[in-house]
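Report on the structure given below.
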Amino acid sequence: MTAAPATAPITQDVLTIPRKLPEGGKTNIVGLTREALRAALVAAGTPEKQAKMRLGQVWQWVYHWGVRDFAQMTNLAKDYRALLERHFTIEIPEVVTRQISADGTRKYLVRIAGGHEVEVVYIPETDRGTLCISSQVGCTLTCSFCHTGTQKLVRNLTAAEIVGQVMMARDDLDEWPVPGAPKEEVRLISNIVLMGMGEPLYNFENVRDAMQIVMDGEGIALGRRRITLSTSGVVPEIARTATEIGCQLAISFHATTDEVRDVLVPINKRWNIATLLEALKAYPGLSNSERITFEYVMLDGVNDTKEDAHRLVKLLEGIPAKVNLIPFNEWPGAPYRRSSGNRIHAFADIIYKAGYASPIRTPRGEDIMAACGQLKSATERARKSRAQIAAEAGLG
């Protein structure tokens, strides 16, 4: 096993400067909470007495119908639509590339303000459609098995950029309802997981505001049980997640001893396994959540022994939990190998016999580098590829 880098960042190590609009710039409606949008409408000239009604109308047009053009908001008077046009815009991230895997998985590279790019993955299954969204450009955690973690953190995403990923995917899947058409019973995007690029709890306020918009019953309207936030274990924010978001929680766990987890998930040096588990014991009660998902990537000869499985069972005592076993998704230069199928199934069997669900995740989208732990900006990969090609041709 490789030793953990001595300088591995354990906590947020950059100052994220809020992006300021140019003087006289329009306000983007996307990403504003109900309270913030109401205040912005009043500031733009909406009479106080009409503010509640106008807020509801605009909210429904943007988040239920997916309309981006104020002229199409036909239940608003023409002069009010003109007022909105003068003061506001409805903008979401721009799709740069879209790849579709042989198994139907879609991976999008989307461009956000400042020219930065993040990746979004849609995974269709027989009983659900899961959208994996990002919360940061890059990541600060340097988890040694994760390709995304090899990309330095650039900045946090805004609430608009987080909600915008959901809206972008609904555009691509043509999932916005059509006025007058029968209501679709099956939703293509039925679940959202914050498991893309970044550590969501290092961007708590923007993630919270975005998820409250997604959960709002008059818009996208996904219930909190349909949203799962995955964290590596930012302990101080776990209780806040329960009370201010209330979604399902997944823990990027991956090891049963501090010695191994310090290497795999360096944040463990700040908040070790015992500290993390103590915080998790309170979560289901605080959030009215059913159970916590423990994500466990299977690494050959590192964390996949029967002893590890028995230790994991012991650690989970007192926590309503299920364990998602993830066969390691290899990437160029990865320092680990995937555990054998036999080893993974033996591990799963021990967990299952102890009374915990232990599904083995089927790798999806591997042919387009869209599988868990493989996300990394395509532009960065392309630069590296060009450099490698030049070197091989003797041009470097």
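By order of appearance in the structure tokens: chains A, B, ..., then residues from 1 within every chain, and ligands from 1 in the order shown.
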List the spatial neighbours of segment 99-110 of chain A as a ChimeraX atom specification - criterion: any atom at most 6 Å away, only C-alpha atoms, same-chain residues fewer than 3 positions off excluded.
/A:93-96,117-123,365
Using only C-alpha atoms, which residues sit within 12 Å of Ala221 of chain A once same-chain residues fewer than 3 positions away are excluded, as a PDB file with all heavy atoms, in the first residue's frame?
ATOM      1  N   TRP A  59     -41.914  30.909  -9.966  1.00  0.00           N
ATOM      2  CA  TRP A  59     -41.305  29.657  -9.479  1.00  0.00           C
ATOM      3  C   TRP A  59     -41.812  28.461 -10.291  1.00  0.00           C
ATOM      4  O   TRP A  59     -41.047  27.610 -10.724  1.00  0.00           O
ATOM      5  CB  TRP A  59     -41.643  29.488  -7.997  1.00  0.00           C
ATOM      6  CG  TRP A  59     -40.926  28.355  -7.324  1.00  0.00           C
ATOM      7  CD1 TRP A  59     -41.282  27.037  -7.309  1.00  0.00           C
ATOM      8  CD2 TRP A  59     -39.712  28.444  -6.569  1.00  0.00           C
ATOM      9  NE1 TRP A  59     -40.375  26.299  -6.583  1.00  0.00           N
ATOM     10  CE2 TRP A  59     -39.405  27.143  -6.116  1.00  0.00           C
ATOM     11  CE3 TRP A  59     -38.870  29.502  -6.212  1.00  0.00           C
ATOM     12  CZ2 TRP A  59     -38.282  26.862  -5.339  1.00  0.00           C
ATOM     13  CZ3 TRP A  59     -37.753  29.235  -5.438  1.00  0.00           C
ATOM     14  CH2 TRP A  59     -37.467  27.923  -5.009  1.00  0.00           C
ATOM     15  N   GLN A  60     -43.134  28.430 -10.503  1.00  0.00           N
ATOM     16  CA  GLN A  60     -43.716  27.299 -11.226  1.00  0.00           C
ATOM     17  C   GLN A  60     -43.272  27.280 -12.689  1.00  0.00           C
ATOM     18  O   GLN A  60     -42.970  26.218 -13.244  1.00  0.00           O
ATOM     19  CB  GLN A  60     -45.237  27.330 -11.127  1.00  0.00           C
ATOM     20  CG  GLN A  60     -45.877  26.014 -11.542  1.00  0.00           C
ATOM     21  CD  GLN A  60     -47.351  25.946 -11.182  1.00  0.00           C
ATOM     22  OE1 GLN A  60     -48.084  26.880 -11.422  1.00  0.00           O
ATOM     23  NE2 GLN A  60     -47.785  24.828 -10.618  1.00  0.00           N
ATOM     24  N   TYR A  63     -39.382  26.127 -12.495  1.00  0.00           N
ATOM     25  CA  TYR A  63     -39.019  24.813 -11.938  1.00  0.00           C
ATOM     26  C   TYR A  63     -40.010  23.682 -12.222  1.00  0.00           C
ATOM     27  O   TYR A  63     -39.642  22.523 -12.150  1.00  0.00           O
ATOM     28  CB  TYR A  63     -38.803  24.928 -10.425  1.00  0.00           C
ATOM     29  CG  TYR A  63     -37.615  25.775 -10.066  1.00  0.00           C
ATOM     30  CD1 TYR A  63     -37.758  26.925  -9.306  1.00  0.00           C
ATOM     31  CD2 TYR A  63     -36.334  25.428 -10.498  1.00  0.00           C
ATOM     32  CE1 TYR A  63     -36.662  27.711  -8.975  1.00  0.00           C
ATOM     33  CE2 TYR A  63     -35.233  26.202 -10.176  1.00  0.00           C
ATOM     34  CZ  TYR A  63     -35.402  27.345  -9.419  1.00  0.00           C
ATOM     35  OH  TYR A  63     -34.317  28.119  -9.096  1.00  0.00           O
ATOM     36  N   HIS A  64     -41.269  24.027 -12.529  1.00  0.00           N
ATOM     37  CA  HIS A  64     -42.218  22.960 -12.886  1.00  0.00           C
ATOM     38  C   HIS A  64     -42.269  22.771 -14.402  1.00  0.00           C
ATOM     39  O   HIS A  64     -42.184  21.645 -14.891  1.00  0.00           O
ATOM     40  CB  HIS A  64     -43.615  23.270 -12.351  1.00  0.00           C
ATOM     41  CG  HIS A  64     -44.625  22.221 -12.723  1.00  0.00           C
ATOM     42  ND1 HIS A  64     -44.659  20.980 -12.125  1.00  0.00           N
ATOM     43  CD2 HIS A  64     -45.605  22.204 -13.676  1.00  0.00           C
ATOM     44  CE1 HIS A  64     -45.631  20.252 -12.657  1.00  0.00           C
ATOM     45  NE2 HIS A  64     -46.221  20.970 -13.603  1.00  0.00           N
ATOM     46  N   TRP A  65     -42.382  23.881 -15.133  1.00  0.00           N
ATOM     47  CA  TRP A  65     -42.521  23.792 -16.589  1.00  0.00           C
ATOM     48  C   TRP A  65     -41.180  23.873 -17.311  1.00  0.00           C
ATOM     49  O   TRP A  65     -41.096  23.533 -18.496  1.00  0.00           O
ATOM     50  CB  TRP A  65     -43.453  24.897 -17.112  1.00  0.00           C
ATOM     51  CG  TRP A  65     -44.829  24.833 -16.533  1.00  0.00           C
ATOM     52  CD1 TRP A  65     -45.401  25.744 -15.691  1.00  0.00           C
ATOM     53  CD2 TRP A  65     -45.810  23.809 -16.723  1.00  0.00           C
ATOM     54  NE1 TRP A  65     -46.670  25.346 -15.347  1.00  0.00           N
ATOM     55  CE2 TRP A  65     -46.960  24.163 -15.971  1.00  0.00           C
ATOM     56  CE3 TRP A  65     -45.843  22.619 -17.459  1.00  0.00           C
ATOM     57  CZ2 TRP A  65     -48.109  23.380 -15.929  1.00  0.00           C
ATOM     58  CZ3 TRP A  65     -46.998  21.839 -17.421  1.00  0.00           C
ATOM     59  CH2 TRP A  65     -48.106  22.224 -16.670  1.00  0.00           C
ATOM     60  N   VAL A 166     -29.389  19.660 -12.642  1.00  0.00           N
ATOM     61  CA  VAL A 166     -30.631  18.890 -12.689  1.00  0.00           C
ATOM     62  C   VAL A 166     -31.496  19.381 -13.858  1.00  0.00           C
ATOM     63  O   VAL A 166     -32.054  18.580 -14.627  1.00  0.00           O
ATOM     64  CB  VAL A 166     -31.402  19.007 -11.356  1.00  0.00           C
ATOM     65  CG1 VAL A 166     -32.682  18.177 -11.399  1.00  0.00           C
ATOM     66  CG2 VAL A 166     -30.519  18.589 -10.179  1.00  0.00           C
ATOM     67  N   TRP A 176     -39.431  17.798 -18.999  1.00  0.00           N
ATOM     68  CA  TRP A 176     -40.329  18.824 -18.459  1.00  0.00           C
ATOM     69  C   TRP A 176     -41.770  18.527 -18.890  1.00  0.00           C
ATOM     70  O   TRP A 176     -42.006  18.126 -20.033  1.00  0.00           O
ATOM     71  CB  TRP A 176     -39.924  20.212 -18.960  1.00  0.00           C
ATOM     72  CG  TRP A 176     -38.562  20.625 -18.502  1.00  0.00           C
ATOM     73  CD1 TRP A 176     -37.414  20.642 -19.244  1.00  0.00           C
ATOM     74  CD2 TRP A 176     -38.192  21.061 -17.192  1.00  0.00           C
ATOM     75  NE1 TRP A 176     -36.363  21.066 -18.482  1.00  0.00           N
ATOM     76  CE2 TRP A 176     -36.794  21.335 -17.215  1.00  0.00           C
ATOM     77  CE3 TRP A 176     -38.891  21.249 -15.996  1.00  0.00           C
ATOM     78  CZ2 TRP A 176     -36.098  21.779 -16.085  1.00  0.00           C
ATOM     79  CZ3 TRP A 176     -38.191  21.696 -14.877  1.00  0.00           C
ATOM     80  CH2 TRP A 176     -36.826  21.965 -14.919  1.00  0.00           C
ATOM     81  N   ARG A 187     -40.973   8.946 -13.722  1.00  0.00           N
ATOM     82  CA  ARG A 187     -40.014  10.029 -13.895  1.00  0.00           C
ATOM     83  C   ARG A 187     -38.679   9.455 -14.341  1.00  0.00           C
ATOM     84  O   ARG A 187     -38.184   8.494 -13.773  1.00  0.00           O
ATOM     85  CB  ARG A 187     -39.851  10.796 -12.581  1.00  0.00           C
ATOM     86  CG  ARG A 187     -41.141  11.503 -12.178  1.00  0.00           C
ATOM     87  CD  ARG A 187     -40.952  12.397 -10.994  1.00  0.00           C
ATOM     88  NE  ARG A 187     -40.065  13.515 -11.265  1.00  0.00           N
ATOM     89  CZ  ARG A 187     -40.115  14.671 -10.594  1.00  0.00           C
ATOM     90  NH1 ARG A 187     -40.983  14.846  -9.633  1.00  0.00           N
ATOM     91  NH2 ARG A 187     -39.278  15.636 -10.877  1.00  0.00           N
ATOM     92  N   ILE A 189     -35.788  11.097 -14.204  1.00  0.00           N
ATOM     93  CA  ILE A 189     -34.884  11.402 -13.085  1.00  0.00           C
ATOM     94  C   ILE A 189     -35.700  11.250 -11.813  1.00  0.00           C
ATOM     95  O   ILE A 189     -36.453  12.141 -11.421  1.00  0.00           O
ATOM     96  CB  ILE A 189     -34.298  12.822 -13.184  1.00  0.00           C
ATOM     97  CG1 ILE A 189     -33.485  12.977 -14.472  1.00  0.00           C
ATOM     98  CG2 ILE A 189     -33.407  13.123 -11.963  1.00  0.00           C
ATOM     99  CD1 ILE A 189     -32.986  14.392 -14.724  1.00  0.00           C
ATOM    100  N   SER A 190     -35.572  10.078 -11.183  1.00  0.00           N
ATOM    101  CA  SER A 190     -36.356   9.815  -9.969  1.00  0.00           C
ATOM    102  C   SER A 190     -35.524   9.987  -8.710  1.00  0.00           C
ATOM    103  O   SER A 190     -36.066  10.115  -7.618  1.00  0.00           O
ATOM    104  CB  SER A 190     -36.913   8.381 -10.006  1.00  0.00           C
ATOM    105  OG  SER A 190     -35.846   7.446 -10.011  1.00  0.00           O
ATOM    106  N   ASN A 191     -34.197   9.980  -8.870  1.00  0.00           N
ATOM    107  CA  ASN A 191     -33.299  10.076  -7.721  1.00  0.00           C
ATOM    108  C   ASN A 191     -32.112  10.971  -8.058  1.00  0.00           C
ATOM    109  O   ASN A 191     -31.645  10.988  -9.206  1.00  0.00           O
ATOM    110  CB  ASN A 191     -32.759   8.691  -7.323  1.00  0.00           C
ATOM    111  CG  ASN A 191     -33.853   7.769  -6.824  1.00  0.00           C
ATOM    112  OD1 ASN A 191     -34.698   7.313  -7.583  1.00  0.00           O
ATOM    113  ND2 ASN A 191     -33.858   7.499  -5.536  1.00  0.00           N
ATOM    114  N   ILE A 192     -31.639  11.692  -7.046  1.00  0.00           N
ATOM    115  CA  ILE A 192     -30.441  12.516  -7.212  1.00  0.00           C
ATOM    116  C   ILE A 192     -29.426  12.093  -6.166  1.00  0.00           C
ATOM    117  O   ILE A 192     -29.774  11.892  -4.996  1.00  0.00           O
ATOM    118  CB  ILE A 192     -30.768  14.018  -7.047  1.00  0.00           C
ATOM    119  CG1 ILE A 192     -31.581  14.509  -8.253  1.00  0.00           C
ATOM    120  CG2 ILE A 192     -29.501  14.848  -6.895  1.00  0.00           C
ATOM    121  CD1 ILE A 192     -32.054  15.931  -8.129  1.00  0.00           C
ATOM    122  N   MET A 211     -30.753  21.932  -2.868  1.00  0.00           N
ATOM    123  CA  MET A 211     -31.608  20.776  -2.595  1.00  0.00           C
ATOM    124  C   MET A 211     -32.992  21.211  -2.106  1.00  0.00           C
ATOM    125  O   MET A 211     -33.986  20.554  -2.397  1.00  0.00           O
ATOM    126  CB  MET A 211     -30.945  19.838  -1.593  1.00  0.00           C
ATOM    127  CG  MET A 211     -29.716  19.114  -2.145  1.00  0.00           C
ATOM    128  SD  MET A 211     -30.028  18.208  -3.698  1.00  0.00           S
ATOM    129  CE  MET A 211     -29.389  19.368  -4.937  1.00  0.00           C
ATOM    130  N   GLN A 212     -33.083  22.323  -1.390  1.00  0.00           N
ATOM    131  CA  GLN A 212     -34.401  22.811  -0.986  1.00  0.00           C
ATOM    132  C   GLN A 212     -35.222  23.225  -2.202  1.00  0.00           C
ATOM    133  O   GLN A 212     -36.433  23.021  -2.241  1.00  0.00           O
ATOM    134  CB  GLN A 212     -34.240  23.969   0.013  1.00  0.00           C
ATOM    135  CG  GLN A 212     -33.812  23.491   1.392  1.00  0.00           C
ATOM    136  CD  GLN A 212     -33.626  24.607   2.399  1.00  0.00           C
ATOM    137  OE1 GLN A 212     -33.654  25.793   2.048  1.00  0.00           O
ATOM    138  NE2 GLN A 212     -33.412  24.247   3.658  1.00  0.00           N
ATOM    139  N   ILE A 213     -34.554  23.761  -3.221  1.00  0.00           N
ATOM    140  CA  ILE A 213     -35.241  24.106  -4.472  1.00  0.00           C
ATOM    141  C   ILE A 213     -35.699  22.833  -5.188  1.00  0.00           C
ATOM    142  O   ILE A 213     -36.842  22.730  -5.644  1.00  0.00           O
ATOM    143  CB  ILE A 213     -34.312  24.941  -5.380  1.00  0.00           C
ATOM    144  CG1 ILE A 213     -34.085  26.326  -4.755  1.00  0.00           C
ATOM    145  CG2 ILE A 213     -34.886  25.075  -6.785  1.00  0.00           C
ATOM    146  CD1 ILE A 213     -32.963  27.127  -5.399  1.00  0.00           C
ATOM    147  N   VAL A 214     -34.823  21.836  -5.261  1.00  0.00           N
ATOM    148  CA  VAL A 214     -35.155  20.576  -5.929  1.00  0.00           C
ATOM    149  C   VAL A 214     -36.311  19.864  -5.226  1.00  0.00           C
ATOM    150  O   VAL A 214     -37.168  19.252  -5.870  1.00  0.00           O
ATOM    151  CB  VAL A 214     -33.906  19.660  -5.989  1.00  0.00           C
ATOM    152  CG1 VAL A 214     -34.285  18.240  -6.389  1.00  0.00           C
ATOM    153  CG2 VAL A 214     -32.878  20.227  -6.969  1.00  0.00           C
ATOM    154  N   MET A 215     -36.369  19.970  -3.880  1.00  0.00           N
ATOM    155  CA  MET A 215     -37.404  19.274  -3.113  1.00  0.00           C
ATOM    156  C   MET A 215     -38.725  20.035  -3.070  1.00  0.00           C
ATOM    157  O   MET A 215     -39.744  19.472  -2.680  1.00  0.00           O
ATOM    158  CB  MET A 215     -36.910  19.039  -1.675  1.00  0.00           C
ATOM    159  CG  MET A 215     -35.774  18.040  -1.571  1.00  0.00           C
ATOM    160  SD  MET A 215     -35.325  17.618   0.146  1.00  0.00           S
ATOM    161  CE  MET A 215     -34.471  19.102   0.670  1.00  0.00           C
ATOM    162  N   ASP A 216     -38.727  21.300  -3.467  1.00  0.00           N
ATOM    163  CA  ASP A 216     -39.933  22.129  -3.383  1.00  0.00           C
ATOM    164  C   ASP A 216     -41.064  21.508  -4.190  1.00  0.00           C
ATOM    165  O   ASP A 216     -40.915  21.197  -5.368  1.00  0.00           O
ATOM    166  CB  ASP A 216     -39.616  23.541  -3.897  1.00  0.00           C
ATOM    167  CG  ASP A 216     -40.755  24.511  -3.630  1.00  0.00           C
ATOM    168  OD1 ASP A 216     -41.813  24.371  -4.281  1.00  0.00           O
ATOM    169  OD2 ASP A 216     -40.607  25.397  -2.764  1.00  0.00           O
ATOM    170  N   GLY A 217     -42.219  21.329  -3.554  1.00  0.00           N
ATOM    171  CA  GLY A 217     -43.346  20.624  -4.165  1.00  0.00           C
ATOM    172  C   GLY A 217     -43.965  21.318  -5.360  1.00  0.00           C
ATOM    173  O   GLY A 217     -44.696  20.686  -6.127  1.00  0.00           O
ATOM    174  N   GLU A 218     -43.706  22.610  -5.567  1.00  0.00           N
ATOM    175  CA  GLU A 218     -44.291  23.330  -6.702  1.00  0.00           C
ATOM    176  C   GLU A 218     -43.337  23.425  -7.884  1.00  0.00           C
ATOM    177  O   GLU A 218     -43.586  24.168  -8.826  1.00  0.00           O
ATOM    178  CB  GLU A 218     -44.729  24.733  -6.258  1.00  0.00           C
ATOM    179  CG  GLU A 218     -45.910  24.697  -5.295  1.00  0.00           C
ATOM    180  CD  GLU A 218     -46.393  26.081  -4.914  1.00  0.00           C
ATOM    181  OE1 GLU A 218     -46.075  27.040  -5.651  1.00  0.00           O
ATOM    182  OE2 GLU A 218     -47.078  26.205  -3.897  1.00  0.00           O
ATOM    183  N   ARG A 224     -37.352  14.247  -0.232  1.00  0.00           N
ATOM    184  CA  ARG A 224     -36.030  14.164   0.410  1.00  0.00           C
ATOM    185  C   ARG A 224     -35.493  12.734   0.444  1.00  0.00           C
ATOM    186  O   ARG A 224     -34.277  12.527   0.463  1.00  0.00           O
ATOM    187  CB  ARG A 224     -36.081  14.749   1.817  1.00  0.00           C
ATOM    188  CG  ARG A 224     -37.039  14.039   2.741  1.00  0.00           C
ATOM    189  CD  ARG A 224     -37.101  14.662   4.121  1.00  0.00           C
ATOM    190  NE  ARG A 224     -37.967  13.861   4.985  1.00  0.00           N
ATOM    191  CZ  ARG A 224     -37.587  12.731   5.565  1.00  0.00           C
ATOM    192  NH1 ARG A 224     -36.367  12.287   5.400  1.00  0.00           N
ATOM    193  NH2 ARG A 224     -38.416  12.044   6.321  1.00  0.00           N
ATOM    194  N   ARG A 225     -36.384  11.745   0.423  1.00  0.00           N
ATOM    195  CA  ARG A 225     -35.912  10.359   0.411  1.00  0.00           C
ATOM    196  C   ARG A 225     -35.376   9.955  -0.962  1.00  0.00           C
ATOM    197  O   ARG A 225     -34.823   8.875  -1.124  1.00  0.00           O
ATOM    198  CB  ARG A 225     -37.036   9.398   0.833  1.00  0.00           C
ATOM    199  CG  ARG A 225     -37.438   9.556   2.290  1.00  0.00           C
ATOM    200  CD  ARG A 225     -38.477   8.535   2.686  1.00  0.00           C
ATOM    201  NE  ARG A 225     -38.986   8.769   4.030  1.00  0.00           N
ATOM    202  CZ  ARG A 225     -38.387   8.370   5.151  1.00  0.00           C
ATOM    203  NH1 ARG A 225     -37.248   7.715   5.077  1.00  0.00           N
ATOM    204  NH2 ARG A 225     -38.915   8.624   6.328  1.00  0.00           N
ATOM    205  N   ARG A 226     -35.580  10.807  -1.947  1.00  0.00           N
ATOM    206  CA  ARG A 226     -35.078  10.551  -3.301  1.00  0.00           C
ATOM    207  C   ARG A 226     -33.707  11.200  -3.520  1.00  0.00           C
ATOM    208  O   ARG A 226     -33.159  11.145  -4.617  1.00  0.00           O
ATOM    209  CB  ARG A 226     -36.059  11.113  -4.333  1.00  0.00           C
ATOM    210  CG  ARG A 226     -37.416  10.440  -4.312  1.00  0.00           C
ATOM    211  CD  ARG A 226     -37.356   9.128  -5.028  1.00  0.00           C
ATOM    212  NE  ARG A 226     -38.657   8.494  -5.180  1.00  0.00           N
ATOM    213  CZ  ARG A 226     -38.834   7.371  -5.856  1.00  0.00           C
ATOM    214  NH1 ARG A 226     -37.808   6.768  -6.420  1.00  0.00           N
ATOM    215  NH2 ARG A 226     -40.019   6.834  -5.952  1.00  0.00           N
ATOM    216  N   ILE A 227     -33.205  11.870  -2.491  1.00  0.00           N
ATOM    217  CA  ILE A 227     -31.930  12.582  -2.613  1.00  0.00           C
ATOM    218  C   ILE A 227     -30.940  11.994  -1.615  1.00  0.00           C
ATOM    219  O   ILE A 227     -31.257  11.839  -0.436  1.00  0.00           O
ATOM    220  CB  ILE A 227     -32.120  14.092  -2.346  1.00  0.00           C
ATOM    221  CG1 ILE A 227     -33.041  14.687  -3.416  1.00  0.00           C
ATOM    222  CG2 ILE A 227     -30.773  14.820  -2.320  1.00  0.00           C
ATOM    223  CD1 ILE A 227     -33.507  16.080  -3.128  1.00  0.00           C
TER     224      ILE A 227
END
Using only C-alpha atoms, the shortest atom-to-atom distance to Thr362 of chain A among A:Glu161, A:Glu91, A:Glu125, A:Asp304 belongs to A:Glu125
- Item | Contacts of Trp271 of chain A within 10 Å, only C-alpha atoms, excl. fewer than 5 positions in-chain, as an MDAnalysis selection string | chainID A and resid 10 232:236 258 262 266 276:277
Mind checking which residues fall within 8 Å of Met298 of chain A, counting only C-alpha atoms, ignoring those fewer than 6 positions away in the same chain, and posting them as a PyMOL selection string?
chain A and resi 254+304+325-328+338-339+344
Based on the selection just made, write all heavy atoms of those residues as a PDB file, in the first residue's frame.
ATOM      1  N   HIS A 254     -15.024   2.951   3.300  1.00  0.00           N
ATOM      2  CA  HIS A 254     -13.901   2.302   2.611  1.00  0.00           C
ATOM      3  C   HIS A 254     -12.834   1.615   3.463  1.00  0.00           C
ATOM      4  O   HIS A 254     -11.904   1.029   2.896  1.00  0.00           O
ATOM      5  CB  HIS A 254     -13.193   3.296   1.670  1.00  0.00           C
ATOM      6  CG  HIS A 254     -14.122   4.033   0.778  1.00  0.00           C
ATOM      7  ND1 HIS A 254     -15.035   3.388  -0.042  1.00  0.00           N
ATOM      8  CD2 HIS A 254     -14.324   5.366   0.583  1.00  0.00           C
ATOM      9  CE1 HIS A 254     -15.740   4.296  -0.708  1.00  0.00           C
ATOM     10  NE2 HIS A 254     -15.332   5.494  -0.345  1.00  0.00           N
ATOM     11  N   ASP A 304     -10.199  -5.760   1.836  1.00  0.00           N
ATOM     12  CA  ASP A 304     -11.214  -6.709   1.369  1.00  0.00           C
ATOM     13  C   ASP A 304     -11.141  -8.085   2.034  1.00  0.00           C
ATOM     14  O   ASP A 304     -11.682  -9.056   1.513  1.00  0.00           O
ATOM     15  CB  ASP A 304     -11.099  -6.867  -0.155  1.00  0.00           C
ATOM     16  CG  ASP A 304      -9.740  -7.415  -0.603  1.00  0.00           C
ATOM     17  OD1 ASP A 304      -8.818  -7.504   0.244  1.00  0.00           O
ATOM     18  OD2 ASP A 304      -9.587  -7.755  -1.794  1.00  0.00           O
ATOM     19  N   LEU A 325     -21.259  -2.187  -1.670  1.00  0.00           N
ATOM     20  CA  LEU A 325     -19.913  -2.629  -2.037  1.00  0.00           C
ATOM     21  C   LEU A 325     -19.646  -2.237  -3.487  1.00  0.00           C
ATOM     22  O   LEU A 325     -20.428  -2.559  -4.386  1.00  0.00           O
ATOM     23  CB  LEU A 325     -19.778  -4.135  -1.850  1.00  0.00           C
ATOM     24  CG  LEU A 325     -19.963  -4.608  -0.395  1.00  0.00           C
ATOM     25  CD1 LEU A 325     -19.904  -6.123  -0.304  1.00  0.00           C
ATOM     26  CD2 LEU A 325     -18.903  -3.984   0.515  1.00  0.00           C
ATOM     27  N   ILE A 326     -18.559  -1.509  -3.699  1.00  0.00           N
ATOM     28  CA  ILE A 326     -18.267  -0.935  -5.013  1.00  0.00           C
ATOM     29  C   ILE A 326     -16.992  -1.557  -5.574  1.00  0.00           C
ATOM     30  O   ILE A 326     -15.898  -1.302  -5.058  1.00  0.00           O
ATOM     31  CB  ILE A 326     -18.077   0.603  -4.904  1.00  0.00           C
ATOM     32  CG1 ILE A 326     -19.284   1.252  -4.213  1.00  0.00           C
ATOM     33  CG2 ILE A 326     -17.833   1.209  -6.279  1.00  0.00           C
ATOM     34  CD1 ILE A 326     -19.045   2.682  -3.768  1.00  0.00           C
ATOM     35  N   PRO A 327     -17.107  -2.409  -6.582  1.00  0.00           N
ATOM     36  CA  PRO A 327     -15.887  -2.910  -7.225  1.00  0.00           C
ATOM     37  C   PRO A 327     -15.076  -1.713  -7.730  1.00  0.00           C
ATOM     38  O   PRO A 327     -15.631  -0.813  -8.370  1.00  0.00           O
ATOM     39  CB  PRO A 327     -16.411  -3.761  -8.383  1.00  0.00           C
ATOM     40  CG  PRO A 327     -17.810  -4.142  -7.963  1.00  0.00           C
ATOM     41  CD  PRO A 327     -18.329  -2.964  -7.193  1.00  0.00           C
ATOM     42  N   PHE A 328     -13.790  -1.666  -7.402  1.00  0.00           N
ATOM     43  CA  PHE A 328     -12.946  -0.527  -7.768  1.00  0.00           C
ATOM     44  C   PHE A 328     -12.976  -0.302  -9.280  1.00  0.00           C
ATOM     45  O   PHE A 328     -12.780  -1.230 -10.061  1.00  0.00           O
ATOM     46  CB  PHE A 328     -11.507  -0.786  -7.304  1.00  0.00           C
ATOM     47  CG  PHE A 328     -10.532   0.281  -7.718  1.00  0.00           C
ATOM     48  CD1 PHE A 328     -10.744   1.607  -7.373  1.00  0.00           C
ATOM     49  CD2 PHE A 328      -9.391  -0.038  -8.443  1.00  0.00           C
ATOM     50  CE1 PHE A 328      -9.845   2.594  -7.745  1.00  0.00           C
ATOM     51  CE2 PHE A 328      -8.481   0.936  -8.820  1.00  0.00           C
ATOM     52  CZ  PHE A 328      -8.700   2.258  -8.470  1.00  0.00           C
ATOM     53  N   ARG A 338      -8.872  -3.884  -8.590  1.00  0.00           N
ATOM     54  CA  ARG A 338     -10.187  -4.325  -8.127  1.00  0.00           C
ATOM     55  C   ARG A 338     -10.067  -5.687  -7.447  1.00  0.00           C
ATOM     56  O   ARG A 338      -9.369  -6.576  -7.923  1.00  0.00           O
ATOM     57  CB  ARG A 338     -11.127  -4.420  -9.321  1.00  0.00           C
ATOM     58  CG  ARG A 338     -12.525  -4.932  -8.983  1.00  0.00           C
ATOM     59  CD  ARG A 338     -13.407  -5.042 -10.225  1.00  0.00           C
ATOM     60  NE  ARG A 338     -13.697  -3.727 -10.779  1.00  0.00           N
ATOM     61  CZ  ARG A 338     -14.507  -3.529 -11.828  1.00  0.00           C
ATOM     62  NH1 ARG A 338     -15.070  -4.552 -12.424  1.00  0.00           N
ATOM     63  NH2 ARG A 338     -14.729  -2.302 -12.279  1.00  0.00           N
ATOM     64  N   SER A 339     -10.758  -5.850  -6.326  1.00  0.00           N
ATOM     65  CA  SER A 339     -10.817  -7.156  -5.660  1.00  0.00           C
ATOM     66  C   SER A 339     -11.456  -8.176  -6.589  1.00  0.00           C
ATOM     67  O   SER A 339     -12.296  -7.830  -7.441  1.00  0.00           O
ATOM     68  CB  SER A 339     -11.654  -7.065  -4.381  1.00  0.00           C
ATOM     69  OG  SER A 339     -11.124  -6.104  -3.497  1.00  0.00           O
ATOM     70  N   ILE A 344     -15.102 -10.297  -3.246  1.00  0.00           N
ATOM     71  CA  ILE A 344     -16.204  -9.335  -3.027  1.00  0.00           C
ATOM     72  C   ILE A 344     -17.447 -10.070  -2.519  1.00  0.00           C
ATOM     73  O   ILE A 344     -18.101  -9.617  -1.569  1.00  0.00           O
ATOM     74  CB  ILE A 344     -16.523  -8.559  -4.327  1.00  0.00           C
ATOM     75  CG1 ILE A 344     -15.324  -7.682  -4.735  1.00  0.00           C
ATOM     76  CG2 ILE A 344     -17.768  -7.687  -4.145  1.00  0.00           C
ATOM     77  CD1 ILE A 344     -15.472  -7.008  -6.097  1.00  0.00           C
TER      78      ILE A 344
END
Determine which residues of segment 56-268 of chain A DSSP labels as strand (DSSP E) from the backbone of this structure, then write them out as a PyMOL selection string. chain A and resi 88-89+94-100+106-111+117-124+129-132+136-137+155-156+191-194+227-231+248-252
Counting only C-alpha atoms, which residues of segment 156-258 of chain A fall within 9 Å of segment 139-145 of chain A, and what is the closest atom pair for each with its distance in Å at one decimal, ordered by chain and rising number, as CSV?
residue,atom,partner,partner_atom,distance
A:Met197,CA,A:Cys139,CA,6.4
A:Gly198,CA,A:Cys139,CA,4.4
A:Glu199,CA,A:Cys139,CA,6.6
A:Ser232,CA,A:Leu141,CA,8.4
